[in-house]
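**Q** One structure follows; several queries about it will come next.
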Amino acid sequence: GKTGHQLWMDLCDLVSKHPAEIKSLNIESIIRSGIRQFTDEVGRLWISLGDHFIRLGQFEKARDVYEEAMATVSTVHDFSLIFDAYTKFLESLITAHMEREESSGGGAGAEADLLMARLEDLLARRPELVSSVKLRQNPHNVHEWLQRVKLYKETPQKVIECFTQAVLTVDPAKAEGRLWSLWAAFAKFYESHDDLENARIIFEKATHVNFRAV
């Protein structure tokens, strides 16, 4: 009485929780084929795959899986599930290292510091990662590109790269929002840095864009 989707979920839950007992199957390829087949609820499948490697004690591999998952999912819901699982995983590793250090009287400090730095880096990257998910969902969303630019306001070079990527990506025919505002913001960024030459070049290029409306 279950759908194919439910059976896949059950199978992936089952195999990821018993990596040591299951010798006859390639668990990673089973879970990955589930990820390829389904577009919804892939977050749970990615977490199963990470869980599989955690249970095998292959923590670096688990990290790779979480990173790959965050870079490929296309819904904020799936992203949030994976991000929470990833942070909990790092937090539990840090706790384990701290406890080991206390019981052994030192020795795991450097490892714990490295994990702490990784966790801080992950938390700092969250806004950019969420932005990437939204743009994978709809790369022609002008508002989302303008929001992404704001994330880089401390780094002018990254702002320029982001604007460049935005104007190259957004298709005027599919643009959601006011495409002219993206070009104008790009030119005004140069203007605000007293680079009038580049501001003029961007405005000039913008006049050649095949906008939908006069």
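By order in the structure tokens, chains are A, B, ...; within a chain, residues start at 1; ligands start at 1, following the order shown.
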Given only C-alpha atoms, how would the per-residue table for range 55-81 of chain A near range 86-106 of chain A read, listing every residue at most 12 Å away with its closest atom pair and distance in Å to one decimal, sorted by chain and number, as JSON lines?
**A**
{"residue": "A:Arg55", "atom": "CA", "partner": "A:Phe89", "partner_atom": "CA", "distance": 11.5}
{"residue": "A:Gly57", "atom": "CA", "partner": "A:Leu93", "partner_atom": "CA", "distance": 11.0}
{"residue": "A:Phe59", "atom": "CA", "partner": "A:Leu93", "partner_atom": "CA", "distance": 9.0}
{"residue": "A:Glu60", "atom": "CA", "partner": "A:Leu90", "partner_atom": "CA", "distance": 10.9}
{"residue": "A:Ala62", "atom": "CA", "partner": "A:Tyr86", "partner_atom": "CA", "distance": 8.9}
{"residue": "A:Arg63", "atom": "CA", "partner": "A:Tyr86", "partner_atom": "CA", "distance": 7.6}
{"residue": "A:Asp64", "atom": "CA", "partner": "A:Tyr86", "partner_atom": "CA", "distance": 10.4}
{"residue": "A:Val65", "atom": "CA", "partner": "A:Tyr86", "partner_atom": "CA", "distance": 9.6}
{"residue": "A:Tyr66", "atom": "CA", "partner": "A:Tyr86", "partner_atom": "CA", "distance": 6.3}
{"residue": "A:Glu67", "atom": "CA", "partner": "A:Tyr86", "partner_atom": "CA", "distance": 8.6}
{"residue": "A:Glu68", "atom": "CA", "partner": "A:Tyr86", "partner_atom": "CA", "distance": 11.5}
{"residue": "A:Ala69", "atom": "CA", "partner": "A:Tyr86", "partner_atom": "CA", "distance": 10.2}
{"residue": "A:Met70", "atom": "CA", "partner": "A:Tyr86", "partner_atom": "CA", "distance": 9.7}
{"residue": "A:Phe79", "atom": "CA", "partner": "A:Tyr86", "partner_atom": "CA", "distance": 10.4}
{"residue": "A:Ser80", "atom": "CA", "partner": "A:Tyr86", "partner_atom": "CA", "distance": 9.8}
{"residue": "A:Leu81", "atom": "CA", "partner": "A:Tyr86", "partner_atom": "CA", "distance": 8.7}
**Q** Using only C-alpha atoms, which protein or nucleic acid residues come within 8 Å of range 155-164 of chain A? Drop anything in the same chain fewer than 6 positions from it, and give the result as JSON, numbers by chain.
**A** {"A": [145, 148, 149, 182, 186]}
**Q** Keeping only all heavy atoms, take the residues you just selected and write them out as an mmCIF file, in the first residue's frame.
**A**
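Printed below is result_16.cif as written:
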data_model
loop_
_atom_site.group_PDB
_atom_site.id
_atom_site.type_symbol
_atom_site.label_atom_id
_atom_site.label_comp_id
_atom_site.auth_asym_id
_atom_site.auth_seq_id
_atom_site.Cartn_x
_atom_site.Cartn_y
_atom_site.Cartn_z
ATOM 1 N N TRP A 145 19.054 38.734 -7.690
ATOM 2 C CA TRP A 145 20.427 39.144 -8.051
ATOM 3 C C TRP A 145 20.821 40.418 -7.298
ATOM 4 O O TRP A 145 21.945 40.538 -6.811
ATOM 5 C CB TRP A 145 20.539 39.368 -9.563
ATOM 6 C CG TRP A 145 20.728 38.104 -10.358
ATOM 7 C CD1 TRP A 145 19.828 37.507 -11.191
ATOM 8 C CD2 TRP A 145 21.898 37.270 -10.381
ATOM 9 N NE1 TRP A 145 20.356 36.361 -11.740
ATOM 10 C CE2 TRP A 145 21.633 36.194 -11.256
ATOM 11 C CE3 TRP A 145 23.148 37.324 -9.743
ATOM 12 C CZ2 TRP A 145 22.562 35.176 -11.524
ATOM 13 C CZ3 TRP A 145 24.075 36.320 -10.006
ATOM 14 C CH2 TRP A 145 23.783 35.267 -10.884
ATOM 15 N N ARG A 148 21.662 39.532 -3.849
ATOM 16 C CA ARG A 148 22.962 38.846 -3.783
ATOM 17 C C ARG A 148 24.114 39.850 -3.806
ATOM 18 O O ARG A 148 25.102 39.699 -3.084
ATOM 19 C CB ARG A 148 23.089 37.863 -4.949
ATOM 20 C CG ARG A 148 24.322 36.962 -4.853
ATOM 21 C CD ARG A 148 24.330 35.958 -6.007
ATOM 22 N NE ARG A 148 25.480 35.059 -5.972
ATOM 23 C CZ ARG A 148 25.554 33.938 -5.279
ATOM 24 N NH1 ARG A 148 24.545 33.550 -4.532
ATOM 25 N NH2 ARG A 148 26.636 33.175 -5.321
ATOM 26 N N VAL A 149 23.986 40.874 -4.631
ATOM 27 C CA VAL A 149 25.021 41.912 -4.714
ATOM 28 C C VAL A 149 25.271 42.517 -3.326
ATOM 29 O O VAL A 149 26.420 42.762 -2.939
ATOM 30 C CB VAL A 149 24.609 43.014 -5.720
ATOM 31 C CG1 VAL A 149 25.503 44.234 -5.578
ATOM 32 C CG2 VAL A 149 24.682 42.489 -7.150
ATOM 33 N N LEU A 182 18.701 46.428 -12.815
ATOM 34 C CA LEU A 182 19.947 45.678 -12.591
ATOM 35 C C LEU A 182 21.116 46.384 -13.297
ATOM 36 O O LEU A 182 22.173 46.604 -12.703
ATOM 37 C CB LEU A 182 19.770 44.251 -13.132
ATOM 38 C CG LEU A 182 20.879 43.242 -12.853
ATOM 39 C CD1 LEU A 182 21.067 43.027 -11.359
ATOM 40 C CD2 LEU A 182 20.560 41.905 -13.527
ATOM 41 N N PHE A 186 24.286 48.459 -11.595
ATOM 42 C CA PHE A 186 25.661 48.112 -11.970
ATOM 43 C C PHE A 186 26.433 49.393 -12.323
ATOM 44 O O PHE A 186 27.530 49.657 -11.809
ATOM 45 C CB PHE A 186 25.610 47.141 -13.155
ATOM 46 C CG PHE A 186 26.923 46.459 -13.485
ATOM 47 C CD1 PHE A 186 28.081 46.682 -12.746
ATOM 48 C CD2 PHE A 186 26.995 45.576 -14.563
ATOM 49 C CE1 PHE A 186 29.279 46.045 -13.061
ATOM 50 C CE2 PHE A 186 28.182 44.931 -14.893
ATOM 51 C CZ PHE A 186 29.327 45.165 -14.151
#
**Q** Using only C-alpha atoms, which of the listed residues (A:Asn138, A:Asn26, A:Gly109, A:Val42) sits closest to Lys174 in chain A?
**A**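 When distances to Lys174 in chain A are compared using only C-alpha atoms, the smallest one comes from A:Asn138.
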**Q** Quick one: DSSP alpha helix (DSSP H) residues in chain A, as an MDAnalysis selection string?
**A** chainID A and resid 4:17 27:37 42:55 59:72 76:104 109:137 142:151 156:169 179:192 196:206
**Q** Choose the residue, out of A:Arg126, A:Glu120, A:Cys12, A:Thr169, that has the smallest atom-to-atom separation from Asn141 in chain A; count only C-alpha atoms.
**A**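 Of A:Arg126, A:Glu120, A:Cys12, A:Thr169, the one nearest Asn141 in chain A, counting only C-alpha atoms, is A:Thr169.
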**Q** What is the distance between CA of Glu176 in chain A and CA of Asp195 in chain A, in Å to one decimal?
**A**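 Interatomic distance, CA of Glu176 in chain A to CA of Asp195 in chain A: 29.0 Å.
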**Q** For Pro127 in chain A, which residue out of A:Glu191, A:Glu41, A:Glu144, A:Glu28 is the nearest one, using only C-alpha atoms?
**A** A:Glu144
**Q** Looking at only C-alpha atoms, which of A:His140, A:Glu154, A:Glu111, A:His5 is the one that sits closest to Gln37 in chain A?
**A** A:His5
**Q** Smallest atom-to-atom distance to Ala175 in chain A: which of A:Ile35, A:Leu115, A:Ile201, A:Val142, using only C-alpha atoms?
**A**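 Looking at the shortest contact to Ala175 in chain A, the residue is A:Val142.
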**Q** Please determine, counting only C-alpha atoms, which residue among A:Ile47, A:Ile30, A:Leu56, A:Leu168 has the shortest atom-to-atom distance to His18 in chain A.
**A** A:Leu56
**Q** What's the separation between CA of Gly43 in chain A and CA of Ile82 in chain A, in Å to one decimal place?
**A**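 A separation of 6.0 Å between them.
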**Q** Enter the distance from CA of His143 in chain A to CA of Leu179 in chain A, in Å, rounded to one decimal.
**A**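 Between CA of His143 in chain A and CA of Leu179 in chain A the gap works out to 9.0 Å.
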**Q** Find the residues near Ser16 in chain A: any atom within 7 Å, counting only C-alpha atoms, skip ones fewer than 6 places away on the same chain, and give them as a VMD selection string.
**A** chain A and resid 48 to 49 51 to 52
**Q** Please produce a file of those selected residues containing C-alpha atoms, as an mmCIF file, in the first residue's frame.
**A**
data_model
loop_
_atom_site.group_PDB
_atom_site.id
_atom_site.type_symbol
_atom_site.label_atom_id
_atom_site.label_comp_id
_atom_site.auth_asym_id
_atom_site.auth_seq_id
_atom_site.Cartn_x
_atom_site.Cartn_y
_atom_site.Cartn_z
ATOM 1 C CA SER A 48 20.653 9.671 4.570
ATOM 2 C CA LEU A 49 23.807 9.593 2.450
ATOM 3 C CA ASP A 51 24.387 9.692 7.775
ATOM 4 C CA HIS A 52 25.682 6.566 6.038
#
